[in-house]
>>> print(open('run.tsv').read())   # TSV, C-alpha atoms and all ligand atoms
chain	number	residue	atom	x	y	z
A	1	MET	CA	-39.23	6.85	23.69
A	2	GLN	CA	-36.02	4.92	23.10
A	3	ALA	CA	-33.18	7.26	21.97
A	4	LYS	CA	-31.79	6.22	18.62
A	5	GLY	CA	-28.26	4.95	18.23
A	6	ARG	CA	-25.51	6.80	16.38
A	7	LEU	CA	-24.15	5.83	12.98
A	8	ILE	CA	-20.36	5.98	13.04
A	9	GLY	CA	-18.21	5.71	9.89
A	10	LEU	CA	-14.87	4.62	11.23
A	11	GLY	CA	-11.72	4.84	9.11
A	12	VAL	CA	-9.26	2.21	10.33
A	13	GLY	CA	-6.30	3.04	8.08
A	14	PRO	CA	-4.65	1.18	5.19
A	15	GLY	CA	-3.58	-2.00	6.97
A	16	ASP	CA	-0.98	-1.58	9.71
A	17	PRO	CA	-3.07	-1.81	12.91
A	18	GLU	CA	-0.90	0.97	14.40
A	19	LEU	CA	-2.16	3.38	11.73
A	20	ILE	CA	-5.60	3.56	13.31
A	21	THR	CA	-6.36	6.86	15.07
A	22	VAL	CA	-6.78	7.15	18.82
A	23	LYS	CA	-10.33	8.37	18.24
A	24	ALA	CA	-11.27	5.48	15.95
A	25	LEU	CA	-9.92	2.98	18.47
A	26	ARG	CA	-11.93	4.53	21.31
A	27	LEU	CA	-15.18	4.62	19.32
A	28	LEU	CA	-14.61	1.10	18.00
A	29	ARG	CA	-14.34	-0.28	21.53
A	30	GLU	CA	-17.32	1.72	22.78
A	31	SER	CA	-19.68	0.59	20.01
A	32	PRO	CA	-22.07	-2.24	20.83
A	33	VAL	CA	-22.34	-3.11	17.13
A	34	VAL	CA	-19.46	-3.32	14.66
A	35	ALA	CA	-20.49	-3.58	10.99
A	36	TYR	CA	-18.11	-4.23	8.12
A	37	PHE	CA	-18.26	-4.76	4.38
A	38	VAL	CA	-16.60	-7.87	3.09
A	39	ALA	CA	-16.33	-9.83	-0.16
A	40	LYS	CA	-17.99	-13.27	-0.25
A	41	GLY	CA	-15.77	-15.98	1.24
A	42	LYS	CA	-13.20	-13.49	2.57
A	43	LYS	CA	-12.39	-12.35	6.06
A	44	GLY	CA	-12.46	-8.65	5.24
A	45	ASN	CA	-9.46	-6.33	5.15
A	46	ALA	CA	-11.00	-3.76	7.49
A	47	PHE	CA	-12.07	-6.52	9.88
A	48	GLY	CA	-8.56	-8.01	9.93
A	49	ILE	CA	-7.14	-4.62	10.92
A	50	ILE	CA	-9.32	-4.19	14.01
A	51	GLU	CA	-10.00	-7.80	15.02
A	52	ALA	CA	-7.45	-7.75	17.85
A	53	HIS	CA	-9.04	-4.63	19.33
A	54	LEU	CA	-12.58	-5.98	19.71
A	55	VAL	CA	-13.94	-6.38	23.20
A	56	GLU	CA	-16.24	-9.11	24.45
A	57	ALA	CA	-19.98	-8.89	23.85
A	58	GLN	CA	-19.75	-6.69	20.76
A	59	ASN	CA	-22.24	-7.64	18.04
A	60	LEU	CA	-20.62	-8.22	14.65
A	61	LEU	CA	-22.62	-7.35	11.55
A	62	PRO	CA	-20.89	-8.53	8.36
A	63	LEU	CA	-22.31	-6.92	5.20
A	64	VAL	CA	-21.34	-9.38	2.48
A	65	TYR	CA	-21.07	-8.09	-1.09
A	66	PRO	CA	-23.22	-10.36	-3.32
A	67	VAL	CA	-20.83	-9.69	-6.21
A	68	THR	CA	-17.44	-8.06	-6.82
A	69	THR	CA	-15.93	-9.37	-10.05
A	70	GLU	CA	-18.24	-12.27	-10.96
A	71	ALA	CA	-20.32	-12.17	-14.15
A	72	LEU	CA	-24.06	-12.01	-13.51
A	73	PRO	CA	-26.65	-14.06	-15.38
A	74	ALA	CA	-29.10	-11.99	-17.47
A	75	PRO	CA	-31.32	-10.11	-16.70
A	76	LEU	CA	-29.47	-9.13	-13.50
A	77	SER	CA	-27.49	-5.92	-13.77
A	78	TYR	CA	-24.49	-5.18	-11.54
A	79	GLU	CA	-25.81	-1.72	-10.62
A	80	GLN	CA	-29.21	-3.07	-9.56
A	81	VAL	CA	-27.76	-5.94	-7.52
A	82	ILE	CA	-25.37	-3.56	-5.72
A	83	SER	CA	-28.00	-0.93	-5.11
A	84	ASP	CA	-30.42	-3.54	-3.65
A	85	PHE	CA	-27.58	-4.81	-1.47
A	86	TYR	CA	-26.90	-1.31	-0.06
A	87	ASP	CA	-30.63	-0.90	0.64
A	88	GLU	CA	-30.67	-4.17	2.59
A	89	ALA	CA	-27.44	-3.29	4.44
A	90	ALA	CA	-28.97	0.07	5.45
A	91	VAL	CA	-32.05	-1.72	6.83
A	92	ALA	CA	-29.87	-4.12	8.85
A	93	VAL	CA	-27.89	-1.21	10.33
A	94	ALA	CA	-31.05	0.83	10.98
A	95	GLU	CA	-32.56	-2.00	13.04
A	96	HIS	CA	-29.76	-1.58	15.58
A	97	LEU	CA	-29.96	2.22	15.48
A	98	ASP	CA	-33.72	2.10	16.12
A	99	ALA	CA	-33.09	-0.15	19.11
A	100	GLY	CA	-30.79	2.55	20.52
A	101	ARG	CA	-27.50	0.84	19.71
A	102	ASP	CA	-24.59	2.77	18.16
A	103	VAL	CA	-23.21	1.10	15.03
A	104	ALA	CA	-19.56	1.54	14.06
A	105	VAL	CA	-19.14	0.80	10.36
A	106	ILE	CA	-15.45	0.13	10.01
A	107	CYS	CA	-13.81	1.04	6.76
A	108	GLU	CA	-10.36	0.25	5.43
A	109	GLY	CA	-8.50	3.53	4.84
A	110	ASP	CA	-10.87	6.49	4.99
A	111	PRO	CA	-14.68	6.10	4.89
A	112	PHE	CA	-15.24	8.94	2.40
A	113	PHE	CA	-12.46	7.94	0.02
A	114	TYR	CA	-14.00	5.26	-2.25
A	115	GLY	CA	-15.38	3.64	0.91
A	116	SER	CA	-18.55	1.56	0.95
A	117	TYR	CA	-19.60	3.40	4.12
A	118	MET	CA	-20.60	6.29	1.83
A	119	TYR	CA	-23.56	4.32	0.53
A	120	LEU	CA	-24.87	3.75	4.07
A	121	HIS	CA	-24.22	7.39	4.94
A	122	ASP	CA	-26.24	8.55	1.93
A	123	ARG	CA	-29.14	6.34	2.99
A	124	LEU	CA	-29.11	6.94	6.75
A	125	ALA	CA	-27.41	10.21	7.75
A	126	SER	CA	-30.55	12.30	7.28
A	127	ARG	CA	-32.48	10.11	9.74
A	128	TYR	CA	-29.86	9.33	12.40
A	129	GLU	CA	-27.03	11.19	14.06
A	130	ALA	CA	-23.92	10.34	12.07
A	131	GLU	CA	-20.25	10.84	12.83
A	132	VAL	CA	-17.35	10.13	10.50
A	133	VAL	CA	-13.83	9.52	11.75
A	134	PRO	CA	-11.26	9.98	8.99
A	135	GLY	CA	-8.56	7.39	8.42
A	136	VAL	CA	-5.15	7.29	6.75
A	137	CYS	CA	-6.11	6.47	3.17
A	138	SER	CA	-4.35	3.87	1.05
A	139	MET	CA	-2.61	6.31	-1.27
A	140	LEU	CA	-0.86	7.95	1.69
A	141	GLY	CA	0.02	4.58	3.20
A	142	GLY	CA	1.30	3.62	-0.26
A	143	ALA	CA	3.39	6.78	-0.70
A	144	SER	CA	5.02	6.24	2.67
A	145	VAL	CA	6.06	2.62	2.11
A	146	LEU	CA	7.21	3.43	-1.43
A	147	GLY	CA	9.27	6.33	-0.06
A	148	ALA	CA	7.65	8.53	-2.69
A	149	PRO	CA	7.02	12.23	-1.95
A	150	LEU	CA	3.83	12.91	-3.90
A	151	VAL	CA	3.65	16.61	-4.79
A	152	TYR	CA	6.14	19.46	-4.60
A	153	ARG	CA	5.40	23.19	-4.58
A	154	ASN	CA	2.41	23.99	-6.81
A	155	GLN	CA	2.10	20.60	-8.49
A	156	SER	CA	-1.40	19.08	-8.57
A	157	LEU	CA	-2.26	15.47	-7.77
A	158	SER	CA	-4.75	13.43	-9.83
A	159	VAL	CA	-6.44	10.46	-8.21
A	160	LEU	CA	-7.66	8.15	-10.96
A	161	SER	CA	-9.64	4.94	-11.07
A	162	GLY	CA	-8.01	2.06	-12.95
A	163	VAL	CA	-11.51	1.12	-14.09
A	164	LEU	CA	-11.49	4.09	-16.55
A	165	PRO	CA	-11.32	3.14	-20.24
A	166	HIS	CA	-7.87	3.21	-21.88
A	167	GLU	CA	-8.23	6.50	-23.76
A	168	GLU	CA	-9.78	8.41	-20.89
A	169	LEU	CA	-7.14	7.22	-18.46
A	170	LYS	CA	-4.47	8.26	-20.96
A	171	ARG	CA	-5.93	11.73	-21.46
A	172	ARG	CA	-6.15	12.40	-17.74
A	173	LEU	CA	-2.69	11.01	-16.98
A	174	ALA	CA	-1.12	13.03	-19.77
A	175	ASP	CA	-2.30	16.19	-17.99
A	176	ALA	CA	-1.23	15.16	-14.48
A	177	ASP	CA	1.81	16.48	-12.57
A	178	ALA	CA	1.51	13.55	-10.20
A	179	ALA	CA	-1.02	10.72	-10.02
A	180	VAL	CA	-2.35	7.86	-7.97
A	181	ILE	CA	-4.13	5.06	-9.82
A	182	MET	CA	-6.48	3.01	-7.66
A	183	LYS	CA	-8.47	-0.18	-8.34
A	184	LEU	CA	-5.93	-2.22	-10.24
A	185	GLY	CA	-6.65	-5.96	-10.10
A	186	ARG	CA	-7.88	-7.01	-13.53
A	187	ASN	CA	-7.28	-3.47	-14.76
A	188	PHE	CA	-3.52	-3.68	-14.26
A	189	PRO	CA	-2.48	-4.67	-17.84
A	190	LYS	CA	-4.45	-1.75	-19.31
A	191	VAL	CA	-3.01	0.72	-16.82
A	192	ARG	CA	0.57	-0.38	-17.43
A	193	GLN	CA	0.05	-0.14	-21.18
A	194	VAL	CA	-1.20	3.46	-20.82
A	195	LEU	CA	1.80	4.38	-18.63
A	196	GLU	CA	4.15	2.88	-21.22
A	197	GLU	CA	2.50	4.79	-24.07
A	198	LEU	CA	2.98	8.04	-22.12
A	199	GLY	CA	6.59	7.26	-21.18
A	200	LEU	CA	5.62	7.23	-17.49
A	201	ALA	CA	6.22	3.57	-16.69
A	202	GLU	CA	9.73	4.17	-15.36
A	203	ARG	CA	8.57	6.85	-12.96
A	204	ALA	CA	5.59	4.79	-11.76
A	205	LEU	CA	5.72	2.79	-8.52
A	206	TYR	CA	3.50	-0.19	-7.66
A	207	VAL	CA	2.48	-1.60	-4.29
A	208	GLU	CA	0.13	-4.40	-3.20
A	209	ARG	CA	-1.55	-4.22	0.23
A	210	ALA	CA	0.52	-1.29	1.42
A	211	THR	CA	1.30	-1.39	5.18
A	212	MET	CA	-0.43	-4.79	5.59
A	213	ALA	CA	1.55	-7.79	6.87
A	214	ASN	CA	1.53	-9.25	3.35
A	215	GLN	CA	2.55	-6.01	1.58
A	216	LYS	CA	4.45	-6.46	-1.69
A	217	ILE	CA	6.40	-3.86	-3.63
A	218	VAL	CA	7.18	-5.04	-7.16
A	219	PRO	CA	8.98	-3.13	-9.95
A	220	MET	CA	6.39	-2.13	-12.59
A	221	ASP	CA	7.96	-4.22	-15.34
A	222	GLN	CA	7.97	-7.35	-13.15
A	223	VAL	CA	4.30	-7.40	-12.10
A	224	GLU	CA	2.61	-10.56	-13.44
A	225	PRO	CA	-0.20	-9.08	-15.57
A	226	MET	CA	-3.08	-11.11	-14.16
A	227	SER	CA	-1.85	-11.55	-10.59
A	228	SER	CA	-2.34	-7.98	-9.40
A	229	PRO	CA	-4.84	-7.97	-6.51
A	230	TYR	CA	-7.65	-5.42	-6.20
A	231	PHE	CA	-5.91	-3.99	-3.12
A	232	SER	CA	-3.00	-2.46	-5.02
A	233	LEU	CA	-2.21	0.96	-6.42
A	234	ILE	CA	0.27	2.83	-8.57
A	235	ILE	CA	1.88	6.16	-7.74
A	236	VAL	CA	3.42	8.48	-10.32
A	237	PRO	CA	5.21	10.93	-8.03
A	238	GLY	CA	5.61	14.59	-8.97
A	239	GLU	CA	8.98	15.52	-10.50
A	240	ARG	CA	11.40	16.19	-7.67
A	241	TRP	CA	11.97	19.88	-6.96
A	242	GLN	CA	15.64	20.58	-6.32
A	243	GLY	CA	14.85	22.96	-3.47
A	301	LIG	C1	-16.63	-3.63	-9.23
A	301	LIG	C2	-15.38	-3.09	-8.59
A	301	LIG	C3	-15.00	-1.88	-9.44
A	301	LIG	C4	-14.62	-0.66	-8.70
A	301	LIG	O1	-13.78	-0.71	-7.78
A	301	LIG	O2	-15.15	0.42	-9.05
A	301	LIG	C5	-15.63	-2.88	-7.13
A	301	LIG	N1	-15.03	-3.82	-6.39
A	301	LIG	C6	-14.26	-4.62	-7.15
A	301	LIG	C7	-13.50	-5.71	-6.69
A	301	LIG	C8	-13.36	-6.17	-5.34
A	301	LIG	N2	-13.95	-5.60	-4.28
A	301	LIG	C9	-13.56	-6.30	-3.15
A	301	LIG	C10	-12.70	-7.36	-3.53
A	301	LIG	C11	-12.06	-8.39	-2.60
A	301	LIG	C12	-10.79	-7.82	-2.02
A	301	LIG	C13	-10.09	-8.74	-1.08
A	301	LIG	O3	-10.59	-9.02	0.02
A	301	LIG	O4	-8.98	-9.21	-1.44
A	301	LIG	C14	-12.57	-7.27	-4.91
A	301	LIG	C15	-11.73	-8.13	-5.81
A	301	LIG	C16	-12.23	-9.48	-6.08
A	301	LIG	O5	-13.35	-9.81	-5.72
A	301	LIG	O6	-11.43	-10.22	-6.66
A	301	LIG	C17	-14.02	-6.08	-1.77
A	301	LIG	C18	-14.49	-4.73	-1.39
A	301	LIG	N3	-14.91	-3.74	-2.22
A	301	LIG	C19	-15.30	-2.67	-1.46
A	301	LIG	C20	-15.11	-2.99	-0.10
A	301	LIG	C21	-15.45	-2.08	1.06
A	301	LIG	C22	-14.59	-0.88	1.18
A	301	LIG	O7	-13.40	-0.87	0.79
A	301	LIG	O8	-15.09	0.09	1.77
A	301	LIG	C23	-14.61	-4.31	-0.05
A	301	LIG	C24	-14.22	-5.11	1.16
A	301	LIG	C25	-13.05	-4.43	1.79
A	301	LIG	C26	-12.54	-5.14	2.95
A	301	LIG	O9	-12.24	-6.33	2.85
A	301	LIG	O10	-12.36	-4.44	3.99
A	301	LIG	C27	-15.82	-1.45	-1.92
A	301	LIG	C28	-16.14	-1.13	-3.22
A	301	LIG	N4	-15.93	-1.94	-4.28
A	301	LIG	C29	-16.60	-1.42	-5.34
A	301	LIG	C30	-16.45	-1.87	-6.64
A	301	LIG	C31	-17.52	-0.34	-4.92
A	301	LIG	C32	-18.85	-0.94	-4.53
A	301	LIG	C33	-19.64	-1.41	-5.68
A	301	LIG	C34	-20.24	-0.27	-6.46
A	301	LIG	O11	-20.98	0.53	-5.87
A	301	LIG	O12	-19.98	-0.22	-7.68
A	301	LIG	C35	-16.82	0.15	-3.66
A	301	LIG	C36	-17.72	0.76	-2.58
A	301	LIG	C37	-15.78	1.18	-4.04
A	301	LIG	C38	-16.26	2.43	-4.71
A	301	LIG	O13	-17.44	2.75	-4.79
A	301	LIG	O14	-15.37	3.14	-5.15
A	301	LIG	C39	-14.21	-4.08	-8.51
A	301	LIG	C40	-14.02	-4.98	-9.70
A	301	LIG	C41	-12.84	-4.42	-10.51
A	301	LIG	C42	-12.51	-5.30	-11.66
A	301	LIG	O15	-13.12	-5.12	-12.72
A	301	LIG	O16	-11.61	-6.13	-11.52
A	302	LIG	C1	-12.87	0.29	-2.32
A	302	LIG	S1	-11.42	1.26	-2.46
A	302	LIG	C2	-11.13	1.63	-0.75
A	302	LIG	C3	-10.20	2.80	-0.50
A	302	LIG	C4	-10.04	3.14	0.97
A	302	LIG	N1	-11.28	3.58	1.56
A	302	LIG	C5	-8.94	4.19	1.19
A	302	LIG	O1	-9.16	5.14	1.95
A	302	LIG	O2	-7.87	4.05	0.61
A	302	LIG	C6	-10.29	0.01	-2.82
A	302	LIG	C7	-9.06	0.48	-3.55
A	302	LIG	O3	-8.19	1.17	-2.65
A	302	LIG	C8	-6.84	0.82	-2.90
A	302	LIG	N2	-6.29	0.24	-1.66
A	302	LIG	C9	-6.95	0.13	-0.50
A	302	LIG	N3	-6.11	-0.31	0.45
A	302	LIG	C10	-4.91	-0.48	-0.12
A	302	LIG	C11	-3.63	-0.89	0.37
A	302	LIG	N4	-3.44	-1.19	1.65
A	302	LIG	N5	-2.60	-0.94	-0.51
A	302	LIG	C12	-2.79	-0.61	-1.81
A	302	LIG	N6	-3.97	-0.21	-2.32
A	302	LIG	C13	-5.01	-0.14	-1.49
A	302	LIG	C14	-6.80	-0.14	-4.06
A	302	LIG	O4	-6.48	0.59	-5.21
A	302	LIG	C15	-8.22	-0.66	-4.06
A	302	LIG	O5	-8.61	-1.01	-5.35
>>> encode(input="run.tsv", output="structure tokens", more="lines below")
Ligand SMILES: C[C@@]1(CC(=O)O)C2=NC(=C\c3[nH]c(c(CCC(=O)O)c3CC(=O)O)Cc3[nH]c(c(CC(=O)O)c3CCC(=O)O)/C=C3\N/C(=C\2)[C@@H](CCC(=O)O)[C@]3(C)CC(=O)O)/[C@H]1CCC(=O)O
Ligand SMILES: C[S@@+](CC[C@H](N)C(=O)[O-])C[C@H]1O[C@@H](n2cnc3c(N)ncnc32)[C@H](O)[C@@H]1O
Amino acid sequence: MQAKGRLIGLGVGPGDPELITVKALRLLRESPVVAYFVAKGKKGNAFGIIEAHLVEAQNLLPLVYPVTTEALPAPLSYEQVISDFYDEAAVAVAEHLDAGRDVAVICEGDPFFYGSYMYLHDRLASRYEAEVVPGVCSMLGGASVLGAPLVYRNQSLSVLSGVLPHEELKRRLADADAAVIMKLGRNFPKVRQVLEELGLAERALYVERATMANQKIVPMDQVEPMSSPYFSLIIVPGERWQG
């Protein structure tokens, strides 16, 4: 019987192609199939990071999100559309695995840190051998380019989603020693408002596409409210310890 292929969740780092690990690069080049999630009409951030490293004769398997921010006509629900999409993506990956081909699913940053690879892993890892290669995640890439030490001594770090409603975000941030707020985009105006209400706006640092060629660092009060891209984050560093 044909041996099954391996499922590989491959973190490729936050953008700078040199921030990929030696292990991820080796497995990427050894994999006959390279799968990647991508928004409709885009090239894919993860794909852009590794494109130059691909070798000839590798099969590319783009997994195109049917929806990211678009409104859906009734009776379609976002959750159902996304869940059906992950089911179909898992079937497409499994076809290669069943034929004995390893599939590297590349993932911007780290695969298990808000990565879409997780949804394939949940569907396939019980049936196929799976290996996950961690990557430098965006908040660490962000902290480095912002020159922002994150946590001193016994401070705790909160990682928050900008999608949270205003009051919940405020409650969690009020309790945080240090915080990273992910998923800005359309959520940026709400997040900035919360930071202002808590008196944290001056301590907060903002970066778009950290470590990518088109990275942008903008002072919080100068970010155009509706121009913040999805690939941006805010860091509220811990208070400096005068050690
Ligand atoms: C709905 C929304 C809310 C939210 O983030 O929760 C959301 N994506 C939104 C926007 C958006 N997404 C993308 C772009 C284009 C970016 C560009 O290319 O510039 C844009 C912006 C746009 O379209 O304008 C592309 C993208 N997204 C993911 C990957 C793969 C990856 O990163 O692994 C890639 C390709 C990466 C690449 O290119 O490599 C992954 C995820 N995106 C999810 C959700 C989760 C899956 C759905 C679910 O299960 O709910 C998951 C798995 C994260 C998770 O589960 O945490 C949010 C609307 C927020 C709002 O309201 O404004
Ligand atoms: C779907 S999650 C992917 C996270 C990724 N797996 C990681 O390890 O960082 C997308 C969110 O990560 C953040 N993000 C990812 N890459 C980024 C980058 N290079 N610069 C700033 N934020 C980034 C943004 O907040 C974005 O909304």
>>> closest_atom_pairs(input="run.tsv", of="chain A", to="ligand LIG 302 (chain A)", cutoff="9 Å", atoms="only C-alpha atoms and all ligand atoms", output="tab-separated table")
residue	atom	partner	partner_atom	distance
A:Gly11	CA	A:LIG302	O1	7.6
A:Val12	CA	A:LIG302	O1	8.9
A:Gly13	CA	A:LIG302	O1	7.1
A:Pro14	CA	A:LIG302	N4	4.4
A:Gly15	CA	A:LIG302	N4	5.4
A:Asp16	CA	A:LIG302	N4	8.4
A:Asn45	CA	A:LIG302	N3	8.3
A:Cys107	CA	A:LIG302	N1	6.3
A:Glu108	CA	A:LIG302	N1	5.2
A:Gly109	CA	A:LIG302	O1	3.4
A:Asp110	CA	A:LIG302	O1	3.7
A:Pro111	CA	A:LIG302	N1	5.4
A:Phe112	CA	A:LIG302	N1	6.7
A:Phe113	CA	A:LIG302	O1	4.7
A:Tyr114	CA	A:LIG302	S1	4.8
A:Gly115	CA	A:LIG302	N1	4.2
A:Ser116	CA	A:LIG302	C1	6.7
A:Tyr117	CA	A:LIG302	N1	8.7
A:Pro134	CA	A:LIG302	O1	8.8
A:Gly135	CA	A:LIG302	O1	6.9
A:Val136	CA	A:LIG302	O1	6.6
A:Cys137	CA	A:LIG302	O1	3.5
A:Ser138	CA	A:LIG302	O2	3.6
A:Met139	CA	A:LIG302	O2	6.0
A:Leu140	CA	A:LIG302	O2	8.1
A:Gly141	CA	A:LIG302	N4	6.9
A:Gly142	CA	A:LIG302	N5	6.0
A:Ser161	CA	A:LIG302	O4	8.0
A:Gly162	CA	A:LIG302	O4	8.0
A:Val180	CA	A:LIG302	O4	8.8
A:Ile181	CA	A:LIG302	O4	6.8
A:Met182	CA	A:LIG302	O4	3.4
A:Lys183	CA	A:LIG302	O5	3.1
A:Leu184	CA	A:LIG302	O5	5.7
A:Gly185	CA	A:LIG302	O5	7.1
A:Tyr206	CA	A:LIG302	C12	8.6
A:Val207	CA	A:LIG302	C12	5.9
A:Glu208	CA	A:LIG302	C12	5.0
A:Arg209	CA	A:LIG302	N5	3.5
A:Ala210	CA	A:LIG302	N5	3.7
A:Thr211	CA	A:LIG302	N4	5.9
A:Met212	CA	A:LIG302	N4	6.1
A:Gln215	CA	A:LIG302	N5	7.5
A:Pro229	CA	A:LIG302	O5	8.0
A:Tyr230	CA	A:LIG302	O5	4.6
A:Phe231	CA	A:LIG302	C14	4.1
A:Ser232	CA	A:LIG302	N6	3.6
A:Leu233	CA	A:LIG302	O4	4.5
A:Ile234	CA	A:LIG302	O4	7.9
>>> residues_around(input="run.tsv", residues="A:Leu7", least_positions_apart="2", cutoff="9 Å", atoms="only C-alpha atoms", output="PyMOL selection string")
chain A and resi 5+9+93-94+97+102-105+121+124-125+128-132
>>> closest_residue(input="run.tsv", among="A:Pro32, A:Ala174, A:Leu27, A:Lys190", to="ligand LIG 301 (chain A)", atoms="only C-alpha atoms and all ligand atoms")
A:Lys190
>>> residues_near_point(input="run.tsv", point="(-21.1, -9.8, 4.4)", cutoff="8 Å", atoms="only C-alpha atoms", output="CSV table (one decimal) with C-alpha atoms, in the coordinates of the input")
chain,number,residue,atom,x,y,z
A,36,TYR,CA,-18.1,-4.2,8.1
A,37,PHE,CA,-18.3,-4.8,4.4
A,38,VAL,CA,-16.6,-7.9,3.1
A,39,ALA,CA,-16.3,-9.8,-0.2
A,40,LYS,CA,-18.0,-13.3,-0.2
A,61,LEU,CA,-22.6,-7.4,11.6
A,62,PRO,CA,-20.9,-8.5,8.4
A,63,LEU,CA,-22.3,-6.9,5.2
A,64,VAL,CA,-21.3,-9.4,2.5
A,65,TYR,CA,-21.1,-8.1,-1.1
>>> closest_residue(input="run.tsv", among="A:Ile106, A:Ala204, A:Arg192, A:Met1", to="A:Ala46", atoms="all atoms listed in the file")
A:Ile106
>>> closest_residue(input="run.tsv", among="A:Ala178, A:Leu28, A:Val81, A:Ala71", to="A:Asn59", atoms="all atoms listed in the file")
A:Leu28
>>> residues_around(input="run.tsv", residues="A:Leu205", least_positions_apart="5", cutoff="8 Å", atoms="all atoms listed in the file", output="NGL selection string")
:A and (146 or 219-220 or 234-236)
>>> atom_distance(input="run.tsv", atom1="atom CA of A:Pro237", atom2="atom CA of A:Gly147")
10.1 Å
>>> closest_residue(input="run.tsv", among="A:Ser126, A:Val33, A:Phe188, A:Ala148", to="ligand LIG 301 (chain A)", atoms="all atoms listed in the file")
A:Phe188
>>> closest_residue(input="run.tsv", among="A:Gln155, A:Gln242, A:Gln2, A:Ser77", to="ligand LIG 301 (chain A)", atoms="only C-alpha atoms and all ligand atoms")
A:Ser77
>>> closest_residue(input="run.tsv", among="A:His166, A:Arg29, A:Arg186, A:Lys23", to="ligand LIG 301 (chain A)", atoms="only C-alpha atoms and all ligand atoms")
A:Arg186
>>> residues_near_point(input="run.tsv", point="(7.9, 23.0, -8.4)", cutoff="6 Å", atoms="only C-alpha atoms", output="PDB file with C-alpha atoms, keeping the file's coordinate frame")
ATOM      1  CA  TYR A 152       6.140  19.460  -4.600  1.00  0.00           C
ATOM      2  CA  ARG A 153       5.400  23.190  -4.580  1.00  0.00           C
ATOM      3  CA  ASN A 154       2.410  23.990  -6.810  1.00  0.00           C
ATOM      4  CA  TRP A 241      11.970  19.880  -6.960  1.00  0.00           C
TER       5      TRP A 241
END
>>> decode(input="run.tsv", residues="stretch 20-42 of chain A", atoms="C-alpha atoms", output="mmCIF file, in the first residue's frame")
data_model
loop_
_atom_site.group_PDB
_atom_site.id
_atom_site.type_symbol
_atom_site.label_atom_id
_atom_site.label_comp_id
_atom_site.auth_asym_id
_atom_site.auth_seq_id
_atom_site.Cartn_x
_atom_site.Cartn_y
_atom_site.Cartn_z
ATOM 1 C CA ILE A 20 12.680 31.955 8.215
ATOM 2 C CA THR A 21 14.267 29.106 10.197
ATOM 3 C CA VAL A 22 16.854 26.764 8.722
ATOM 4 C CA LYS A 23 14.473 23.874 9.363
ATOM 5 C CA ALA A 24 11.520 25.544 7.639
ATOM 6 C CA LEU A 25 13.667 26.329 4.606
ATOM 7 C CA ARG A 26 14.868 22.728 4.331
ATOM 8 C CA LEU A 27 11.360 21.252 4.651
ATOM 9 C CA LEU A 28 9.937 23.826 2.245
ATOM 10 C CA ARG A 29 12.406 22.821 -0.458
ATOM 11 C CA GLU A 30 11.923 19.099 0.174
ATOM 12 C CA SER A 31 8.123 19.209 -0.069
ATOM 13 C CA PRO A 32 6.579 18.177 -3.387
ATOM 14 C CA VAL A 33 3.458 20.218 -2.582
ATOM 15 C CA VAL A 34 3.387 23.728 -1.122
ATOM 16 C CA ALA A 35 -0.042 24.920 0.048
ATOM 17 C CA TYR A 36 -0.833 28.440 1.188
ATOM 18 C CA PHE A 37 -3.828 30.450 2.337
ATOM 19 C CA VAL A 38 -4.453 33.661 0.488
ATOM 20 C CA ALA A 39 -7.149 36.324 0.238
ATOM 21 C CA LYS A 40 -9.046 36.567 -3.069
ATOM 22 C CA GLY A 41 -7.172 38.627 -5.667
ATOM 23 C CA LYS A 42 -3.990 38.839 -3.561
#
